[in-house]
>>> print(open('work22.csv').read())   # CSV, C-alpha atoms
chain,number,residue,atom,x,y,z
A,1,MET,CA,9.3,-3.5,13.2
A,2,THR,CA,9.9,-0.6,10.9
A,3,GLU,CA,8.2,0.7,7.8
A,4,SER,CA,10.0,1.6,4.6
A,5,ALA,CA,8.2,4.9,4.2
A,6,GLN,CA,9.0,7.9,6.3
A,7,PRO,CA,6.7,8.8,9.3
A,8,THR,CA,3.7,10.8,8.3
A,9,ALA,CA,2.0,13.7,10.0
A,10,SER,CA,-0.2,12.5,12.8
A,11,VAL,CA,-3.6,11.3,11.6
A,12,ALA,CA,-4.5,9.5,14.8
A,13,ARG,CA,-4.5,10.8,18.4
A,14,ASP,CA,-1.4,10.2,20.5
A,15,LEU,CA,-1.8,7.6,23.3
A,16,PRO,CA,-0.6,8.0,26.9
A,17,GLY,CA,3.2,7.4,26.7
A,18,TRP,CA,3.1,7.0,22.9
A,19,LEU,CA,3.5,9.3,20.0
A,20,HIS,CA,1.9,8.5,16.6
A,21,ALA,CA,4.6,8.0,14.0
A,22,TYR,CA,3.1,6.4,10.9
A,23,SER,CA,-0.1,5.1,9.4
A,24,GLY,CA,-0.6,2.5,6.7
A,25,LYS,CA,-3.9,1.5,5.1
A,26,VAL,CA,-4.9,-0.5,8.2
A,27,ARG,CA,-2.3,-0.2,10.9
A,28,ASP,CA,-1.0,2.7,13.0
A,29,LEU,CA,2.5,2.8,14.5
A,30,TYR,CA,3.4,4.5,17.7
A,31,ILE,CA,6.8,5.0,19.4
A,32,PRO,CA,7.5,5.6,23.1
A,33,THR,CA,7.7,9.2,24.3
A,34,ASP,CA,9.0,10.7,27.5
A,35,GLY,CA,5.8,12.8,27.7
A,36,THR,CA,7.2,15.9,26.1
A,37,THR,CA,5.2,17.3,23.2
A,38,ASP,CA,8.3,17.8,21.0
A,39,ALA,CA,9.6,14.2,21.2
A,40,PRO,CA,10.7,13.2,17.7
A,41,ALA,CA,8.7,10.5,15.9
A,42,ASP,CA,11.7,8.5,14.8
A,43,LEU,CA,11.1,4.9,13.9
A,44,MET,CA,14.8,4.3,13.2
A,45,SER,CA,16.1,5.1,16.7
A,46,THR,CA,13.5,3.5,18.9
A,47,SER,CA,13.8,-0.1,20.1
A,48,ARG,CA,10.0,-0.7,20.5
A,49,VAL,CA,7.0,0.2,18.5
A,50,LEU,CA,3.3,-0.2,19.3
A,51,VAL,CA,1.4,-1.7,16.3
A,52,VAL,CA,-2.3,-0.9,16.4
A,53,ALA,CA,-4.7,-2.6,14.0
A,54,SER,CA,-7.6,-0.3,13.1
A,55,ASP,CA,-11.1,-1.2,11.8
A,56,ARG,CA,-10.2,0.4,8.4
A,57,VAL,CA,-10.6,-1.9,5.4
A,58,SER,CA,-8.8,-1.5,2.1
A,59,ALA,CA,-9.3,-2.9,-1.4
A,60,PHE,CA,-7.7,-2.1,-4.8
A,61,ASP,CA,-5.3,0.2,-3.0
A,62,HIS,CA,-8.0,2.4,-1.5
A,63,VAL,CA,-9.1,2.7,2.1
A,64,LEU,CA,-12.9,2.4,2.1
A,65,GLU,CA,-15.7,3.8,4.2
A,66,PRO,CA,-17.1,2.7,6.6
A,67,GLY,CA,-14.7,0.4,8.5
A,68,ILE,CA,-15.5,-3.1,9.7
A,69,PRO,CA,-16.5,-2.9,13.4
A,70,GLY,CA,-14.2,-5.0,15.6
A,71,LYS,CA,-11.9,-5.8,12.7
A,72,GLY,CA,-8.7,-4.5,14.5
A,73,GLU,CA,-9.3,-6.7,17.5
A,74,LEU,CA,-10.1,-9.7,15.5
A,75,LEU,CA,-7.0,-9.4,13.4
A,76,THR,CA,-4.8,-8.8,16.4
A,77,THR,CA,-6.3,-11.8,18.3
A,78,LEU,CA,-5.7,-14.1,15.3
A,79,SER,CA,-2.1,-12.9,14.8
A,80,LEU,CA,-1.3,-13.5,18.5
A,81,TRP,CA,-2.9,-16.9,18.3
A,82,TRP,CA,-0.7,-17.9,15.3
A,83,PHE,CA,2.5,-16.4,16.8
A,84,ASP,CA,1.9,-18.7,19.8
A,85,ARG,CA,1.9,-21.7,17.4
A,86,LEU,CA,4.8,-20.8,15.1
A,87,THR,CA,7.5,-21.4,17.5
A,88,GLY,CA,10.2,-22.5,15.0
A,89,ILE,CA,11.3,-18.9,14.3
A,90,PRO,CA,11.7,-15.9,16.6
A,91,ASN,CA,9.1,-13.1,16.2
A,92,HIS,CA,9.0,-9.4,16.9
A,93,LEU,CA,6.7,-9.6,19.9
A,94,VAL,CA,7.9,-8.3,23.3
A,95,ALA,CA,6.2,-8.6,26.7
A,96,ASP,CA,3.2,-6.3,26.9
A,97,HIS,CA,3.2,-6.1,30.7
A,98,GLU,CA,5.8,-5.8,33.5
A,99,GLN,CA,6.0,-6.6,37.2
A,100,VAL,CA,6.3,-3.5,39.4
A,101,GLY,CA,6.6,-4.8,43.0
A,102,SER,CA,3.5,-6.9,43.5
A,103,THR,CA,1.6,-5.2,40.7
A,104,VAL,CA,1.4,-6.2,37.1
A,105,ARG,CA,1.5,-3.1,34.9
A,106,GLU,CA,0.0,-3.3,31.4
A,107,LEU,CA,2.2,-1.6,28.8
A,108,ILE,CA,-0.4,-1.3,26.1
A,109,PRO,CA,-2.6,1.7,26.6
A,110,ALA,CA,-6.2,1.0,27.6
A,111,PRO,CA,-7.7,2.8,24.5
A,112,VAL,CA,-6.2,0.3,22.2
A,113,ALA,CA,-6.1,-2.8,24.4
A,114,GLY,CA,-7.1,-5.9,22.4
A,115,ARG,CA,-6.0,-4.5,19.1
A,116,ALA,CA,-2.4,-3.6,19.6
A,117,MET,CA,0.9,-5.5,19.8
A,118,LEU,CA,4.1,-4.3,21.5
A,119,CYS,CA,7.0,-5.2,19.2
A,120,ARG,CA,10.7,-4.7,18.8
A,121,THR,CA,11.8,-2.7,15.8
A,122,LEU,CA,13.6,-4.5,13.0
A,123,ASP,CA,15.3,-3.6,9.8
A,124,MET,CA,12.5,-4.9,7.5
A,125,TYR,CA,13.3,-6.7,4.3
A,126,PRO,CA,11.6,-5.0,1.3
A,127,ILE,CA,9.9,-8.3,0.3
A,128,GLU,CA,6.4,-9.7,0.8
A,129,CYS,CA,7.0,-13.5,1.1
A,130,VAL,CA,4.0,-14.9,-0.6
A,131,VAL,CA,3.3,-18.6,-0.6
A,132,ARG,CA,0.5,-20.1,-2.7
A,133,GLY,CA,-0.9,-23.6,-2.1
A,134,TYR,CA,-3.8,-23.1,-4.5
A,135,LEU,CA,-4.2,-21.3,-7.8
A,136,THR,CA,-6.4,-18.2,-7.6
A,137,GLY,CA,-6.3,-14.4,-7.6
A,138,SER,CA,-3.5,-12.7,-9.5
A,139,GLY,CA,-1.8,-16.1,-9.7
A,140,TRP,CA,-4.7,-17.5,-11.7
A,141,LYS,CA,-4.8,-14.5,-14.0
A,142,GLU,CA,-1.0,-14.9,-14.7
A,143,TYR,CA,-1.4,-18.7,-15.2
A,144,ALA,CA,-4.2,-18.2,-17.7
A,145,GLN,CA,-1.9,-16.1,-19.8
A,146,SER,CA,1.5,-17.9,-19.4
A,147,GLN,CA,0.9,-21.2,-17.5
A,148,SER,CA,3.3,-19.9,-14.9
A,149,VAL,CA,3.2,-17.7,-11.7
A,150,CYS,CA,6.1,-15.4,-11.0
A,151,GLY,CA,8.3,-17.3,-13.4
A,152,ILE,CA,7.4,-20.7,-12.0
A,153,ALA,CA,6.1,-23.1,-14.6
A,154,LEU,CA,3.0,-25.0,-13.6
A,155,PRO,CA,1.2,-28.1,-15.1
A,156,ALA,CA,-1.3,-27.5,-17.9
A,157,GLY,CA,-5.1,-27.9,-17.3
A,158,LEU,CA,-5.4,-26.3,-13.8
A,159,GLU,CA,-8.6,-24.4,-13.0
A,160,ASN,CA,-9.3,-21.4,-10.8
A,161,GLY,CA,-9.2,-22.6,-7.2
A,162,ASP,CA,-7.3,-25.9,-7.9
A,163,ARG,CA,-4.7,-27.1,-5.4
A,164,LEU,CA,-1.2,-26.9,-6.7
A,165,PRO,CA,1.1,-30.0,-6.9
A,166,GLU,CA,3.1,-28.3,-4.1
A,167,PRO,CA,3.1,-24.8,-2.5
A,168,ILE,CA,5.1,-22.3,-4.4
A,169,TYR,CA,7.0,-19.2,-3.2
A,170,THR,CA,6.0,-16.1,-5.2
A,171,PRO,CA,7.6,-13.0,-3.6
A,172,ALA,CA,6.5,-9.4,-4.2
A,173,TRP,CA,8.5,-6.2,-3.9
A,174,LYS,CA,7.1,-3.9,-1.1
A,175,ALA,CA,6.6,-0.7,-2.9
A,176,PRO,CA,6.7,2.7,-1.1
A,177,LEU,CA,3.4,4.0,0.2
A,178,GLY,CA,1.2,5.1,-2.6
A,179,GLN,CA,2.7,2.7,-5.2
A,180,HIS,CA,1.6,-0.8,-6.2
A,181,ASP,CA,3.5,-3.8,-4.9
A,182,GLU,CA,5.1,-5.8,-7.7
A,183,ASN,CA,5.3,-9.6,-8.1
A,184,ILE,CA,9.0,-10.5,-8.6
A,185,THR,CA,11.0,-13.6,-9.3
A,186,PHE,CA,13.2,-15.3,-6.8
A,187,GLU,CA,16.2,-14.1,-8.8
A,188,ARG,CA,15.1,-10.5,-8.2
A,189,THR,CA,14.9,-11.1,-4.4
A,190,ILE,CA,18.6,-12.2,-4.6
A,191,GLU,CA,19.4,-8.8,-6.2
A,192,LEU,CA,17.5,-7.1,-3.4
A,193,VAL,CA,18.7,-8.9,-0.3
A,194,GLY,CA,21.5,-11.2,-1.4
A,195,PRO,CA,21.5,-15.0,-2.0
A,196,GLY,CA,21.7,-16.1,1.6
A,197,ILE,CA,18.8,-14.0,2.9
A,198,ALA,CA,16.7,-14.7,-0.2
A,199,ALA,CA,17.0,-18.4,0.3
A,200,GLU,CA,16.3,-18.1,4.0
A,201,LEU,CA,13.2,-16.1,3.5
A,202,ARG,CA,11.9,-18.6,0.9
A,203,ASP,CA,12.6,-21.6,3.1
A,204,LEU,CA,11.1,-20.1,6.2
A,205,SER,CA,8.0,-19.0,4.3
A,206,LEU,CA,7.4,-22.5,2.9
A,207,THR,CA,8.0,-24.1,6.3
A,208,LEU,CA,5.6,-21.7,8.1
A,209,PHE,CA,3.0,-22.2,5.4
A,210,ALA,CA,3.1,-26.0,5.7
A,211,THR,CA,2.8,-25.8,9.5
A,212,ALA,CA,-0.1,-23.3,9.4
A,213,GLY,CA,-1.8,-25.2,6.6
A,214,ALA,CA,-1.8,-28.4,8.7
A,215,ILE,CA,-3.2,-26.6,11.7
A,216,ALA,CA,-6.0,-25.0,9.6
A,217,GLU,CA,-6.9,-28.3,8.0
A,218,LYS,CA,-7.7,-29.8,11.4
A,219,ALA,CA,-10.3,-27.0,11.8
A,220,GLY,CA,-11.9,-27.7,8.5
A,221,VAL,CA,-10.3,-24.7,6.9
A,222,ILE,CA,-8.0,-24.4,3.8
A,223,LEU,CA,-5.1,-22.0,3.9
A,224,ALA,CA,-5.0,-21.2,0.2
A,225,ASP,CA,-2.3,-18.5,0.3
A,226,THR,CA,-0.7,-16.0,2.6
A,227,LYS,CA,2.1,-13.5,2.8
A,228,PHE,CA,4.8,-13.3,5.5
A,229,GLU,CA,7.1,-10.4,6.3
A,230,PHE,CA,10.5,-10.6,8.0
A,231,GLY,CA,13.2,-8.2,9.3
A,232,ALA,CA,16.7,-8.4,10.7
A,233,ASP,CA,17.2,-8.0,14.4
A,234,ARG,CA,19.3,-4.8,14.8
A,235,GLN,CA,21.6,-6.4,17.4
A,236,THR,CA,22.1,-9.9,16.1
A,237,GLY,CA,21.2,-9.7,12.5
A,238,MET,CA,18.9,-12.8,13.0
A,239,THR,CA,15.9,-13.0,10.7
A,240,VAL,CA,12.7,-12.4,12.6
A,241,LEU,CA,9.0,-13.0,11.7
A,242,ALA,CA,7.2,-9.6,11.9
A,243,ASP,CA,4.0,-7.7,11.2
A,244,GLU,CA,0.7,-9.4,11.1
A,245,VAL,CA,0.7,-13.2,10.5
A,246,LEU,CA,-1.9,-15.4,8.8
A,247,THR,CA,-4.8,-13.0,9.3
A,248,SER,CA,-7.9,-12.6,7.2
A,249,ASP,CA,-6.2,-9.5,5.6
A,250,SER,CA,-3.0,-11.2,4.7
A,251,SER,CA,-4.3,-14.7,3.7
A,252,ARG,CA,-7.0,-16.5,1.8
A,253,TYR,CA,-8.9,-19.0,3.9
A,254,TRP,CA,-11.6,-21.3,2.5
A,255,ASP,CA,-14.1,-23.6,4.0
A,256,ALA,CA,-12.7,-27.1,3.3
A,257,LYS,CA,-16.1,-28.8,2.9
A,258,ALA,CA,-17.3,-26.1,0.5
A,259,TRP,CA,-14.1,-26.4,-1.6
A,260,HIS,CA,-14.6,-30.2,-1.9
A,261,LEU,CA,-18.3,-30.1,-2.7
A,262,GLY,CA,-18.6,-26.9,-4.7
A,263,THR,CA,-19.2,-26.9,-8.4
A,264,THR,CA,-18.4,-23.3,-9.2
A,265,PRO,CA,-15.4,-21.1,-8.3
A,266,ASP,CA,-17.6,-19.0,-6.1
A,267,GLU,CA,-18.9,-22.0,-4.2
A,268,ARG,CA,-15.4,-23.6,-3.9
A,269,MET,CA,-13.7,-20.5,-2.8
A,270,ALA,CA,-16.1,-18.9,-0.3
A,271,SER,CA,-13.5,-17.1,1.7
A,272,PHE,CA,-13.2,-15.9,5.3
A,273,ASP,CA,-11.8,-12.5,4.5
A,274,LYS,CA,-12.7,-9.2,2.7
A,275,GLN,CA,-13.4,-10.9,-0.6
A,276,ILE,CA,-17.0,-9.9,-0.1
A,277,VAL,CA,-15.8,-6.3,-0.1
A,278,ARG,CA,-13.7,-6.8,-3.2
A,279,ASP,CA,-16.5,-8.5,-5.1
A,280,TRP,CA,-19.0,-5.7,-4.2
A,281,LEU,CA,-16.6,-3.0,-5.1
A,282,ALA,CA,-15.7,-4.6,-8.4
A,283,ALA,CA,-19.4,-4.8,-9.3
A,284,HIS,CA,-20.2,-1.2,-8.3
A,285,TRP,CA,-17.1,0.9,-9.1
A,286,ASP,CA,-15.1,1.4,-12.3
A,287,GLY,CA,-11.9,2.3,-10.5
A,288,THR,CA,-12.0,6.0,-11.2
A,289,GLY,CA,-12.5,8.7,-8.6
A,290,ALA,CA,-13.3,7.9,-5.0
A,291,PRO,CA,-14.8,4.5,-4.3
A,292,PRO,CA,-18.4,4.4,-3.1
A,293,GLU,CA,-19.4,3.8,0.5
A,294,LEU,CA,-19.9,0.2,1.5
A,295,PRO,CA,-23.5,-0.8,2.2
A,296,ALA,CA,-24.4,-1.8,5.7
A,297,GLU,CA,-25.1,-5.4,4.7
A,298,ILE,CA,-21.7,-5.8,3.1
A,299,VAL,CA,-20.0,-4.4,6.3
A,300,GLU,CA,-22.0,-6.8,8.4
A,301,GLN,CA,-21.3,-9.9,6.2
A,302,THR,CA,-17.6,-9.1,6.2
A,303,ALA,CA,-17.5,-8.7,10.0
A,304,ALA,CA,-19.3,-12.0,10.4
A,305,ARG,CA,-16.8,-13.9,8.1
A,306,TYR,CA,-13.9,-12.5,10.1
A,307,ARG,CA,-15.5,-13.6,13.4
A,308,GLU,CA,-16.3,-17.0,12.0
A,309,LEU,CA,-12.7,-17.7,10.9
A,310,LEU,CA,-11.4,-16.8,14.3
A,311,GLU,CA,-14.0,-19.1,16.0
A,312,ARG,CA,-13.3,-22.0,13.5
A,313,LEU,CA,-9.5,-21.8,14.0
A,314,THR,CA,-9.3,-21.2,17.7
A,315,GLY,CA,-12.4,-23.0,18.9
A,316,ALA,CA,-13.3,-19.9,20.9
>>> encode(input="work22.csv", output="structure tokens")
Amino acid sequence: MTESAQPTASVARDLPGWLHAYSGKVRDLYIPTDGTTDAPADLMSTSRVLVVASDRVSAFDHVLEPGIPGKGELLTTLSLWWFDRLTGIPNHLVADHEQVGSTVRELIPAPVAGRAMLCRTLDMYPIECVVRGYLTGSGWKEYAQSQSVCGIALPAGLENGDRLPEPIYTPAWKAPLGQHDENITFERTIELVGPGIAAELRDLSLTLFATAGAIAEKAGVILADTKFEFGADRQTGMTVLADEVLTSDSSRYWDAKAWHLGTTPDERMASFDKQIVRDWLAAHWDGTGAPPELPAEIVEQTAARYRELLERLTGA
């Protein structure tokens, strides 16, 4: 996997055998090093990258303090669980261990074990492949104004949290770091990646969403929406599923029973993600200056919801 932005100055300590190359809001990327201190941090020339999920939490394009304890490990565990079940498309994972004689050698450094994935690098497409099965969030706001979402006309009379007649593909343009992602039409994705790739990304996203939604439903959980990211294999050009997948950070999950029995949007859409953080921040911050520090009870409630989702889906 690669990022569209250039590597930043190191903001995280280097790991044994790895050199820090880039940090996003939540994840840190490392590339292999030969042990020298002047090895270049070049995401474009390496064939492998270590993707480490931190405990950082972001909302409204800001990284907040404090983080959510254990969040990085929970997100990584859930991603790996989903990758094991989405076998219809190749993904970017590579073996995280190797056999050396009679010994199994772990390739992920011990300091980040449990919250890191070893991945092959890809040429990432500049599109977040969003699929919505339910009307909420920015989609609801757009629908209330135009009765459409990302140029897709929808039936009249839908309410916040309603299930859509069928899932819709509503892509977004992945803006460079520091800028806002932008919802775009399918026609715009054709301009960005060409008609063949645009259609492939749409079809893969809808298929993956249907598969994941059926799995979640068996656990009493609704997958309301999610976003996938894909890249091209540098050797074959094949489209590969990448980044995190179907985590609490990239998806909205609701309790199915609450959705069916609830009488208000808050009751119907009680989510297993950082919505608690978004709601608290929206109520206590006007969007100017630095956001306030999260209270301990909000941090604890958010961590509990992340854990509950993992337990509900995996049965662990």
>>> residues_around(input="work22.csv", residues="Gly114 of chain A", least_positions_apart="4", cutoff="12 Å", atoms="all atoms listed in the file", output="PDB file with C-alpha atoms, in the frame of the given file")
ATOM      1  CA  VAL A  51       1.400  -1.700  16.300  1.00  0.00           C
ATOM      2  CA  VAL A  52      -2.300  -0.900  16.400  1.00  0.00           C
ATOM      3  CA  ALA A  53      -4.700  -2.600  14.000  1.00  0.00           C
ATOM      4  CA  SER A  54      -7.600  -0.300  13.100  1.00  0.00           C
ATOM      5  CA  GLY A  70     -14.200  -5.000  15.600  1.00  0.00           C
ATOM      6  CA  LYS A  71     -11.900  -5.800  12.700  1.00  0.00           C
ATOM      7  CA  GLY A  72      -8.700  -4.500  14.500  1.00  0.00           C
ATOM      8  CA  GLU A  73      -9.300  -6.700  17.500  1.00  0.00           C
ATOM      9  CA  LEU A  74     -10.100  -9.700  15.500  1.00  0.00           C
ATOM     10  CA  LEU A  75      -7.000  -9.400  13.400  1.00  0.00           C
ATOM     11  CA  THR A  76      -4.800  -8.800  16.400  1.00  0.00           C
ATOM     12  CA  THR A  77      -6.300 -11.800  18.300  1.00  0.00           C
ATOM     13  CA  LEU A  78      -5.700 -14.100  15.300  1.00  0.00           C
ATOM     14  CA  SER A  79      -2.100 -12.900  14.800  1.00  0.00           C
ATOM     15  CA  LEU A  80      -1.300 -13.500  18.500  1.00  0.00           C
ATOM     16  CA  ASP A  96       3.200  -6.300  26.900  1.00  0.00           C
ATOM     17  CA  GLU A 106       0.000  -3.300  31.400  1.00  0.00           C
ATOM     18  CA  ILE A 108      -0.400  -1.300  26.100  1.00  0.00           C
ATOM     19  CA  PRO A 109      -2.600   1.700  26.600  1.00  0.00           C
ATOM     20  CA  ALA A 110      -6.200   1.000  27.600  1.00  0.00           C
ATOM     21  CA  LEU A 118       4.100  -4.300  21.500  1.00  0.00           C
TER      22      LEU A 118
END
>>> atom_distance(input="work22.csv", atom1="atom CA of Thr46 of chain A", atom2="atom CA of Pro32 of chain A")
7.6 Å
>>> atom_distance(input="work22.csv", atom1="atom CA of Asn160 of chain A", atom2="atom CA of Ala283 of chain A")
19.5 Å
>>> atom_distance(input="work22.csv", atom1="atom CA of Asp123 of chain A", atom2="atom CA of Phe230 of chain A")
8.7 Å
>>> residues_around(input="work22.csv", residues="Ile68 of chain A", least_positions_apart="5", cutoff="9 Å", atoms="only C-alpha atoms", output="MDAnalysis selection string")
chainID A and resid 55:57 299:300 302:303
>>> residues_around(input="work22.csv", residues="Ser271 of chain A", least_positions_apart="2", cutoff="6 Å", atoms="only C-alpha atoms", output="PyMOL selection string")
chain A and resi 253-254+269+273
>>> closest_residue(input="work22.csv", among="A:Ser23, A:Ser138, A:Ser248, A:Asn91", to="Val63 of chain A", atoms="all atoms listed in the file")
A:Ser23
>>> closest_residue(input="work22.csv", among="A:Arg268, A:Lys257, A:Arg13, A:Arg252", to="Gly137 of chain A", atoms="only C-alpha atoms")
A:Arg252
>>> closest_residue(input="work22.csv", among="A:Thr314, A:Thr288, A:Ser58, A:Thr239", to="Ala219 of chain A", atoms="all atoms listed in the file")
A:Thr314
>>> closest_residue(input="work22.csv", among="A:Phe228, A:Trp18, A:Trp140, A:Phe272", to="Glu244 of chain A", atoms="all atoms listed in the file")
A:Phe228
>>> closest_residue(input="work22.csv", among="A:Gly101, A:Pro155, A:Gly88, A:Gly24", to="Asp61 of chain A", atoms="all atoms listed in the file")
A:Gly24
>>> closest_residue(input="work22.csv", among="A:Gly17, A:Pro111, A:Gly139, A:Gly67", to="Glu159 of chain A", atoms="all atoms listed in the file")
A:Gly139
>>> residues_near_point(input="work22.csv", point="(-1.7, -11.7, -6.2)", cutoff="12 Å", atoms="only C-alpha atoms", output="ChimeraX atom specification")
/A:60,128-132,134-143,149-150,169-173,180-184,224-227,250-252
